[in-house]
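Take a look at the structure below.
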Amino acid sequence: MAVLDIRGLSVGYSTPRGELRALRDVSMMVPEGKIVGIVGESGCGKSTLISAIIRLMAPNARVGAGEVRFQGRDLLAETEAQMRALRGTQISMVFQDPMQTHNPVLTVGRQMMDIQYRERLSRAEKRQRAERMLALVGIPDPEARLNQYPFEFSGGMRQRIAIAMALMAKPALLIADEPTTALDATLEVEIIKRLRELQDEIGCGVLFISHHLGVIAELCDEVVVMYAGEVVETGSVRDVFHAPAHPYTRALLECDPGHIKVKTRVLPTIPGNIPDLVNLPGGCIFADRCERRHAACAARPAMALAGDGQRAACHLITERETA
Amino acid sequence: MSALLEIRDVVVRFRVRGGVFSSAGSVDAVSGVSLDVEEGKTYGIVGESGSGKTTLARAVAGLHHASEGSILYRGQELRGLVEGAFRPLRREIVMMFQDPIGSLSPRLSVKSLITEPFRIQGMRERDLDAEARRLLAMVGLPPEFAARYPYQISGGQARRVGVARALALSPRLLIADEPTAGLDVSIQGEMLNLLARLQDELGLAIMIITHNLNVVRHITDRVGIMYLGKLVEEGETEAVFAAPQHPYTLALLAANPEPDPDAQLMRVELQGEPPSILRRPKGCEFHTRCPFAQPRCATEVPRWQAAKGGAHRCHFPAGWDTAAAAS
Ligand SMILES: Nc1ncnc2c1ncn2[C@@H]1O[C@H](COP(=O)(O)OP(=O)(O)OP(=O)(O)O)[C@@H](O)[C@H]1O
Ligand SMILES: Nc1ncnc2c1ncn2[C@@H]1O[C@H](COP(=O)(O)OP(=O)(O)OP(=O)(O)O)[C@@H](O)[C@H]1O
Ligand code: SF4
Ligand code: SF4
Ligand SMILES: [Mg+2]
Ligand SMILES: [Mg+2]
């Protein structure tokens with residue numbers, strides 16, 4: 001069964017120019033015990049998706065349609081009190097900006113003790129547990145460090161503390177929004193290993209957002225590719241990375257400097273910009289940047305099976321079959 | 001010719017309190033770093049999380065006080081300058097911060113944020129609307145973003161606003177702390193190509209801090225690798241990538257995750273836990289984690305020694321073969 005099953009989700013932001021349609025008809029799944037990565041262009045709606053799942057949305061955001069099923073229950077239909085009880089216990093979050101997680105005026109120790117308020121442990125035991133978690137994410141002198149304030153830690157340390165705090169709850173679903181951008185490669189690999197171990201131990205599902213395709217390749221089982229508010233491709237990491245079915249996925253992978261072994265001064269990019277989400281073009285959302293655009297692309301393509309479990313929203317797939 | 005920026009033996013010390021810190025009183029987050037950044041060139045700083053990269057950058061930008069050493073910018077000593085004396089230099093030396101959204105004031109619109117440098121510098125004659133449009137276009141954001149607030153934009157868009165703000169005054173030295181974290185690879189490419197263009201056109205010098213080794217490899221001329229507040233190796237980027245000398249560099253480069261789920265990775269495992277800057281290991285400070293450590297490493301501090309195109313701090317450079325030969 002899926003821990004998280006999102007169906008037909010649409011979210012918009014009201015703006016002076018009209019509704020900005022940040023997510024349109026998004027469907028995706030996190031199977032139990034699996035790590036699912038989300039990649040996609042900056043601004044394609046990844047953080048919006050997460051905020052809709054945990055229902056911590058900007059005041060001008062509105063869910064237009066869809067379901068967010070967590071262990072079978074539709075989170076969009078829960079009361080605010082029920083959501084509060086889920087957040088931080090069954091669903092844990094690591095936010096994109098670690099400063100968002102940490103309260104600047106409280107010591108890290110105090111914050112790590114506070115999030116254990118539901119545990120029946122003594123103060124000393126909670127403190128010990130906090131120390132152990134800090135050590136687990138590679139922070140030296142954890143005992144003394146607990147007395148420090150967030151600004152006294154480096155960027156990568158704050159990210160690691162956020163990861164430690166999210167895992168303390170042993171959640172059923174962990175959602176991490178670019179949690180390793182401030183980690184050096186050795187530590188990143190180490191944290192990925194620990195995340196995998198803990199995930200195995202707790203058996204939780206993980207939704208993992210990252211722009212680092214190498215990290216997705218190393219950590220995730222499945223990947224969801226988003227573009228301008230839509231899911232354009234899903235499948236196992238191996239299938240999608242080896243044989244991308246959607247032209248956007250292919251272009252994205254080709255831009256990764258990790259693939260370019262000879263030093264180059266000008267890095268590859270995808271020409272053009274994402275469309276204006278207030279005045280959406282009709283047809284395929286990627287059409288104005290797509291090298292393979294053709295007459296059929298004036299109509300919006302539906303998700304189609306491109307291979308074993310691999311799906312993509314592109315007319316080329318269905319045309320290949322009928323040809 | 002002397003370099004645009006010359007950093008010599010810089011130490012940045014923080015006062016700390018509480019727990020076992022009370023006995024220490026202070027820690028050296030940066031503990032004697034020297035490097036040169038040349039005009040029109042890019043210097044990359046990589047290294048362990050918590051090794052003092054941001055602290056070093058902030059010291060150069062006049063945001064932390066350097067306790068020892070010297071920071072020369074075009075021959076002028078920056079260390080110890082009071083804020084009033086530093087302000088005119090902020091037209092030329094600009095810092096881009098590591099936290100994209102956190103470093104933008106939430107009460108200011110994007111337009112105010114990217115044109116703030118003109119106001120701070122008292123450049124009242126500028127047409128701020130036109131400047132805002134120019135800067136947004138430069139980083140690939142539509143003009144309507146001028147009216148938005150930081151919480152109304154995505155993480156990567158906030159990063160681009162940070163780039164626009166940093167480039168507003170056409171600086172001569174850009175200190176960029178993780179400038180592309182949170183950007184997808186296509187926009188990352190656009191931002192880096194933009195910096196390369198400005199470098200060619202204006203001779204901009206860049207000191208870039210990043211964990212992204214793919215970025216370092218393609219855009220930097222020289223690279224310095226930090227561990228526990230010190231450089232353990234530095235040199236021409238191509239030489240360092242082709243033949244890393246220090247075992248930490250070797251481990252770091254080997255760890256870089258490949259965008260291929262079936263990649264055969266030759267990783268070098270580091271032992272033990274990261275050491276504390278309160279209790280620096282004796283001898284070589286990396287010996288507690290070094291896979292090639294020999295008895296000598298625990299007692300004798302390795303000298304900073306020149307190697308092809310650079311320098312390093314290790315008794316047994318290029319680890320595996322020299323260490324094996326010694327034992
Ligand atoms: N409160 C808001 N009001 C209006 N527009 C918003 C708001 N929040 C986000 N947006 C817009 O919605 C779109 C999706 O934003 P989101 O933060 O979900 O992107 P993202 O995929 O997380 O991007 P990144 O990788 O850069 O973090 C963007 O175009 C953004 O500018
Ligand atoms: N204001 C401060 N007060 C006390 N200690 C600090 C302060 N700022 C940084 N430190 C400490 O100095 C050390 C170096 O931090 P710095 O932020 O320079 O690391 P970094 O190399 O940038 O790491 P990252 O890659 O994680 O961003 C860390 O141990 C950190 O906790
Ligand atoms: S549907 Fe057409 S425009 Fe869209 S991605 Fe496929 S080929 Fe390109
Ligand atoms: S001096 Fe010894 S311990 Fe230090 S890096 Fe070299 S081999 Fe390793
Ligand atoms: Mg985001
Ligand atoms: Mg830093």
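Ligands are numbered from 1 in the order shown, chains are lettered A, B, ... in the order of the structure tokens, and residues start at 1 in each chain.
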- Message: Using only C-alpha atoms, which protein or nucleic acid residues come within 8 Å of Leu76 of chain A? Drop anything in the same chain fewer than 5 positions from it, and give the result as JSON, numbers by chain.
- Response: {"A": [53, 55, 67, 68]}
Just write the chosen residues, N, CA, C and O atoms, as a CSV table (one decimal), in the first residue's frame.
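Final file, again-v6.csv:
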```csv
chain,number,residue,atom,x,y,z
A,53,ILE,N,0.6,19.0,1.1
A,53,ILE,CA,0.5,17.8,1.8
A,53,ILE,C,0.3,18.0,3.3
A,53,ILE,O,-0.5,17.4,3.9
A,55,ARG,N,-0.5,20.7,4.7
A,55,ARG,CA,-1.4,21.8,4.9
A,55,ARG,C,-0.9,23.0,5.7
A,55,ARG,O,-1.5,23.5,6.6
A,67,GLU,N,-7.0,15.0,-4.1
A,67,GLU,CA,-6.9,14.3,-2.8
A,67,GLU,C,-5.5,14.1,-2.5
A,67,GLU,O,-4.6,13.8,-3.3
A,68,VAL,N,-5.2,14.1,-1.1
A,68,VAL,CA,-3.9,13.8,-0.6
A,68,VAL,C,-4.1,12.7,0.4
A,68,VAL,O,-4.5,12.9,1.5
```
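Residue neighbourhood of Ala312 of chain A, excluding near-sequence residues (fewer than 2 positions): Val232, Glu233, His246, Met303, Ala304 and Cys314 of chain A, at 6 Å, using only C-alpha atoms.
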- Query: Got a sec to pull out which chain B residues are within 8 Å of chain A, counting only C-alpha atoms, and send them as a count of residues only?
  - Reply: 57
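Contact shell of Ala168 of chain B at 10 Å (only C-alpha atoms; same-chain neighbours under 6 positions omitted): Arg91, Val94, Ile114, Thr115, Glu116, Pro117, Phe118, Glu131, Ala132, Arg134, Leu135 and Gly162 of chain B.
Using only C-alpha atoms and all ligand atoms for every distance, the candidate list A:Ala65, A:Ala77, A:Leu277, A:Val224 yields A:Leu277 as the residue closest to ligand 1.
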- Task: Could you give me the residues within segment 154-304 of chain A that DSSP places in alpha helix (DSSP H), as a PyMOL selection string?
- Result: chain A and resi 155-168+185-202+213-219+237-242+247-255
- Query: Hey, which residues come within 10 Å of ligand 4 if we count only C-alpha atoms and all ligand atoms? Could you give them as number ranges by chain?
  - Reply: B: 232, 245-249, 283-303, 312-320, 322-323
- Nearest to ligand 1: which of A:Ile6, A:Ile91, A:Val225, A:Met133 is it, counting only C-alpha atoms and all ligand atoms? A:Val225
Those in segment 123-189 of chain A with strand (DSSP E or B) from DSSP, as a PDB file with all heavy atoms, in the first residue's frame:
```pdb
ATOM      1  N   LEU A 173       6.071   8.954   7.372  1.00  0.00           N
ATOM      2  CA  LEU A 173       6.436   9.629   6.127  1.00  0.00           C
ATOM      3  C   LEU A 173       7.395  10.765   6.450  1.00  0.00           C
ATOM      4  O   LEU A 173       7.110  11.606   7.310  1.00  0.00           O
ATOM      5  CB  LEU A 173       5.173  10.193   5.451  1.00  0.00           C
ATOM      6  CG  LEU A 173       5.387  11.036   4.192  1.00  0.00           C
ATOM      7  CD1 LEU A 173       5.948  10.190   3.053  1.00  0.00           C
ATOM      8  CD2 LEU A 173       4.077  11.695   3.759  1.00  0.00           C
ATOM      9  N   LEU A 174       8.535  10.752   5.787  1.00  0.00           N
ATOM     10  CA  LEU A 174       9.489  11.844   5.943  1.00  0.00           C
ATOM     11  C   LEU A 174       9.513  12.626   4.637  1.00  0.00           C
ATOM     12  O   LEU A 174       9.679  12.049   3.567  1.00  0.00           O
ATOM     13  CB  LEU A 174      10.889  11.292   6.245  1.00  0.00           C
ATOM     14  CG  LEU A 174      12.028  12.320   6.233  1.00  0.00           C
ATOM     15  CD1 LEU A 174      11.899  13.294   7.388  1.00  0.00           C
ATOM     16  CD2 LEU A 174      13.391  11.624   6.285  1.00  0.00           C
ATOM     17  N   ILE A 175       9.329  13.939   4.747  1.00  0.00           N
ATOM     18  CA  ILE A 175       9.383  14.781   3.560  1.00  0.00           C
ATOM     19  C   ILE A 175      10.581  15.699   3.694  1.00  0.00           C
ATOM     20  O   ILE A 175      10.691  16.436   4.671  1.00  0.00           O
ATOM     21  CB  ILE A 175       8.104  15.631   3.419  1.00  0.00           C
ATOM     22  CG1 ILE A 175       6.877  14.714   3.416  1.00  0.00           C
ATOM     23  CG2 ILE A 175       8.152  16.461   2.153  1.00  0.00           C
ATOM     24  CD1 ILE A 175       5.567  15.470   3.328  1.00  0.00           C
ATOM     25  N   ALA A 176      11.497  15.630   2.750  1.00  0.00           N
ATOM     26  CA  ALA A 176      12.716  16.425   2.865  1.00  0.00           C
ATOM     27  C   ALA A 176      12.880  17.271   1.613  1.00  0.00           C
ATOM     28  O   ALA A 176      12.945  16.750   0.506  1.00  0.00           O
ATOM     29  CB  ALA A 176      13.917  15.508   3.054  1.00  0.00           C
ATOM     30  N   ASP A 177      12.922  18.595   1.788  1.00  0.00           N
ATOM     31  CA  ASP A 177      13.028  19.539   0.677  1.00  0.00           C
ATOM     32  C   ASP A 177      14.484  19.992   0.570  1.00  0.00           C
ATOM     33  O   ASP A 177      14.927  20.837   1.342  1.00  0.00           O
ATOM     34  CB  ASP A 177      12.094  20.733   0.933  1.00  0.00           C
ATOM     35  CG  ASP A 177      11.835  21.564  -0.323  1.00  0.00           C
ATOM     36  OD1 ASP A 177      12.490  21.310  -1.353  1.00  0.00           O
ATOM     37  OD2 ASP A 177      10.978  22.466  -0.261  1.00  0.00           O
TER      38      ASP A 177
END
```
- re atom CA of Leu280 of chain A and atom CA of Tyr248 of chain A: distance 17.7 Å
- Message: Just the number, please: distance in Å from atom CA of Ala2 of chain A to atom CA of Gly72 of chain A, one decimal.
- Response: 8.1 Å
Please identify every residue of chain B that has at least one atom no farther than 10 Å from an atom of ligand 2, counting only C-alpha atoms and all ligand atoms, and for each give the shortest atom pair and the distance in Å to one decimal, arranged by chain then increasing number, as CSV.
```
residue,atom,partner,partner_atom_place_in_ligand_line,distance
B:Val12,CA,ligand 2,12 (O),8.8
B:Arg13,CA,ligand 2,5 (N),8.3
B:Phe14,CA,ligand 2,4 (C),5.1
B:Arg15,CA,ligand 2,4 (C),6.5
B:Val16,CA,ligand 2,4 (C),6.1
B:Arg17,CA,ligand 2,4 (C),9.3
B:Ser26,CA,ligand 2,4 (C),8.6
B:Val27,CA,ligand 2,5 (N),7.5
B:Asp28,CA,ligand 2,12 (O),7.5
B:Ala29,CA,ligand 2,12 (O),4.4
B:Val30,CA,ligand 2,14 (C),7.1
B:Ile45,CA,ligand 2,21 (O),9.1
B:Val46,CA,ligand 2,25 (O),8.1
B:Gly47,CA,ligand 2,21 (O),6.7
B:Glu48,CA,ligand 2,25 (O),6.1
B:Ser49,CA,ligand 2,25 (O),3.5
B:Gly50,CA,ligand 2,19 (O),3.4
B:Ser51,CA,ligand 2,21 (O),3.9
B:Gly52,CA,ligand 2,18 (O),3.1
B:Lys53,CA,ligand 2,21 (O),3.7
B:Thr54,CA,ligand 2,22 (O),3.6
B:Thr55,CA,ligand 2,18 (O),3.6
B:Leu56,CA,ligand 2,18 (O),6.4
B:Ala57,CA,ligand 2,18 (O),8.0
B:Arg58,CA,ligand 2,18 (O),8.4
B:Ala59,CA,ligand 2,18 (O),9.8
B:His64,CA,ligand 2,1 (N),8.5
B:Gln98,CA,ligand 2,27 (O),7.4
B:Asp99,CA,ligand 2,27 (O),9.5
B:Asp177,CA,ligand 2,22 (O),8.1
B:Glu178,CA,ligand 2,27 (O),8.4
B:Ile209,CA,ligand 2,22 (O),8.2
B:Thr210,CA,ligand 2,25 (O),7.8
B:His211,CA,ligand 2,25 (O),7.2
B:Met226,CA,ligand 2,21 (O),7.7
B:Tyr227,CA,ligand 2,21 (O),8.3
B:Leu228,CA,ligand 2,14 (C),8.0
B:Gly229,CA,ligand 2,14 (C),7.1
B:Ser276,CA,ligand 2,29 (O),8.0
B:Ile277,CA,ligand 2,29 (O),6.9
B:Leu278,CA,ligand 2,29 (O),9.3
```
Generate a file of the selected residues that holds N, CA and C atoms, formatted as a CSV table (one decimal), in the first residue's frame.
```csv
chain,number,residue,atom,x,y,z
B,12,VAL,N,40.1,33.5,12.4
B,12,VAL,CA,38.9,34.1,12.9
B,12,VAL,C,38.5,33.3,14.2
B,13,ARG,N,38.3,34.1,15.2
B,13,ARG,CA,38.1,33.5,16.6
B,13,ARG,C,36.7,33.8,17.1
B,14,PHE,N,36.0,32.8,17.6
B,14,PHE,CA,34.7,33.1,18.2
B,14,PHE,C,34.8,32.9,19.7
B,15,ARG,N,34.1,33.7,20.4
B,15,ARG,CA,33.9,33.5,21.8
B,15,ARG,C,32.8,32.5,22.0
B,16,VAL,N,32.9,31.5,22.8
B,16,VAL,CA,31.8,30.6,23.1
B,16,VAL,C,31.7,30.4,24.6
B,17,ARG,N,30.5,29.9,25.0
B,17,ARG,CA,30.3,29.7,26.4
B,17,ARG,C,29.5,28.5,26.6
B,26,SER,N,37.2,30.4,23.7
B,26,SER,CA,37.1,30.8,22.3
B,26,SER,C,37.6,29.6,21.4
B,27,VAL,N,37.1,29.7,20.1
B,27,VAL,CA,37.5,28.7,19.2
B,27,VAL,C,38.0,29.4,17.9
B,28,ASP,N,39.0,28.8,17.2
B,28,ASP,CA,39.4,29.3,15.9
B,28,ASP,C,38.7,28.6,14.8
B,29,ALA,N,37.6,29.3,14.3
B,29,ALA,CA,36.9,28.6,13.2
B,29,ALA,C,37.7,28.7,11.9
B,30,VAL,N,38.5,29.7,11.8
B,30,VAL,CA,39.4,29.8,10.7
B,30,VAL,C,40.8,29.9,11.3
B,45,ILE,N,36.4,27.4,-3.1
B,45,ILE,CA,36.7,26.9,-1.8
B,45,ILE,C,35.7,25.7,-1.5
B,46,VAL,N,36.3,24.6,-1.3
B,46,VAL,CA,35.4,23.4,-1.0
B,46,VAL,C,35.9,22.9,0.4
B,47,GLY,N,35.2,21.9,0.9
B,47,GLY,CA,35.7,21.3,2.2
B,47,GLY,C,34.6,20.9,3.1
B,48,GLU,N,35.0,20.3,4.1
B,48,GLU,CA,34.0,19.8,5.1
B,48,GLU,C,33.0,20.8,5.6
B,49,SER,N,31.8,20.4,5.8
B,49,SER,CA,30.8,21.2,6.4
B,49,SER,C,31.3,21.6,7.8
B,50,GLY,N,31.3,22.9,8.1
B,50,GLY,CA,31.8,23.4,9.4
B,50,GLY,C,33.3,23.6,9.5
B,51,SER,N,33.9,23.6,8.3
B,51,SER,CA,35.4,23.8,8.3
B,51,SER,C,35.8,25.3,8.2
B,52,GLY,N,34.8,26.2,8.2
B,52,GLY,CA,35.2,27.6,8.3
B,52,GLY,C,35.1,28.4,7.0
B,53,LYS,N,34.5,27.8,6.0
B,53,LYS,CA,34.4,28.4,4.7
B,53,LYS,C,33.6,29.7,4.7
B,54,THR,N,32.4,29.6,5.3
B,54,THR,CA,31.5,30.8,5.4
B,54,THR,C,32.2,31.9,6.3
B,55,THR,N,32.8,31.4,7.3
B,55,THR,CA,33.4,32.3,8.3
B,55,THR,C,34.6,33.1,7.6
B,56,LEU,N,35.4,32.4,6.8
B,56,LEU,CA,36.4,33.1,6.0
B,56,LEU,C,35.9,34.1,5.0
B,57,ALA,N,34.8,33.7,4.3
B,57,ALA,CA,34.2,34.6,3.4
B,57,ALA,C,33.7,35.8,4.0
B,58,ARG,N,33.0,35.7,5.2
B,58,ARG,CA,32.5,36.8,5.9
B,58,ARG,C,33.6,37.7,6.4
B,59,ALA,N,34.7,37.1,6.8
B,59,ALA,CA,35.8,38.0,7.2
B,59,ALA,C,36.3,38.8,6.1
B,64,HIS,N,32.9,39.7,9.6
B,64,HIS,CA,33.4,39.1,10.8
B,64,HIS,C,34.8,39.8,11.0
B,98,GLN,N,24.7,32.3,2.0
B,98,GLN,CA,24.4,30.9,1.8
B,98,GLN,C,22.9,30.6,2.0
B,99,ASP,N,22.1,31.3,2.9
B,99,ASP,CA,20.7,31.0,3.1
B,99,ASP,C,19.9,31.9,2.1
B,177,ASP,N,28.7,32.5,-1.6
B,177,ASP,CA,28.6,31.3,-0.7
B,177,ASP,C,27.5,30.4,-1.2
B,178,GLU,N,27.8,29.3,-1.8
B,178,GLU,CA,26.8,28.4,-2.4
B,178,GLU,C,25.8,29.0,-3.3
B,209,ILE,N,32.3,29.5,-2.9
B,209,ILE,CA,32.2,28.4,-1.9
B,209,ILE,C,31.2,27.5,-2.4
B,210,THR,N,31.5,26.3,-2.6
B,210,THR,CA,30.4,25.4,-3.0
B,210,THR,C,30.8,23.9,-2.6
B,211,HIS,N,29.7,23.2,-2.4
B,211,HIS,CA,29.9,21.7,-2.2
B,211,HIS,C,29.7,21.0,-3.5
B,226,MET,N,39.4,22.9,2.3
B,226,MET,CA,39.5,23.2,3.8
B,226,MET,C,39.1,22.0,4.6
B,227,TYR,N,39.8,21.9,5.8
B,227,TYR,CA,39.4,20.9,6.8
B,227,TYR,C,39.8,21.5,8.1
B,228,LEU,N,38.8,21.6,9.0
B,228,LEU,CA,39.1,22.1,10.4
B,228,LEU,C,39.7,23.4,10.4
B,229,GLY,N,39.2,24.3,9.6
B,229,GLY,CA,39.7,25.7,9.7
B,229,GLY,C,41.0,26.0,8.9
B,276,SER,N,36.6,17.7,16.8
B,276,SER,CA,36.1,19.0,17.4
B,276,SER,C,37.2,20.1,17.2
B,277,ILE,N,36.7,21.3,16.9
B,277,ILE,CA,37.7,22.4,16.8
B,277,ILE,C,38.2,22.8,18.2
B,278,LEU,N,37.6,22.2,19.3
B,278,LEU,CA,38.0,22.5,20.6
B,278,LEU,C,39.2,21.7,21.0
```
- Query: Which residues, written as an MDAnalysis selection string, have at least one atom at most 8 Å from Leu204 of chain B, with only C-alpha atoms counted and residues fewer than 4 positions away on the same chain left out?
  - Reply: chainID B and resid 39:41 171:174 198:200
Quick one: write out the picked residues with C-alpha atoms as a compact mmCIF listing (two decimals), in the first residue's frame?
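As written to disk, again-v8.txt reads:
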```txt
# COMPACT_ATOMS: atom_id res chain seq x y z
CA GLU B 39 41.54 39.63 -11.15
CA GLY B 40 39.30 37.96 -13.72
CA LYS B 41 39.77 34.54 -12.12
CA PRO B 171 31.43 44.59 -8.27
CA ARG B 172 35.10 43.73 -8.85
CA LEU B 173 35.19 40.94 -6.30
CA LEU B 174 32.23 38.64 -5.79
CA LEU B 198 30.73 39.20 -16.54
CA GLN B 199 34.17 37.90 -15.79
CA ASP B 200 35.17 38.21 -19.44
```
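Atom pair atom CA of Arg119 of chain B / atom CA of Phe145 of chain B: separated by 19.6 Å.
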- Query: B:Lys308, B:Arg90, B:Arg279, B:Arg148: which is nearest ligand 1, counting only C-alpha atoms and all ligand atoms?
  - Reply: B:Arg148
- Task: Please check which protein, DNA or RNA residues sit within 7 Å of ligand 3, counting only C-alpha atoms and all ligand atoms, and write them as a ChimeraX atom specification.
- Result: /A:246-248,284-287,290-294,296-297,301,313-316
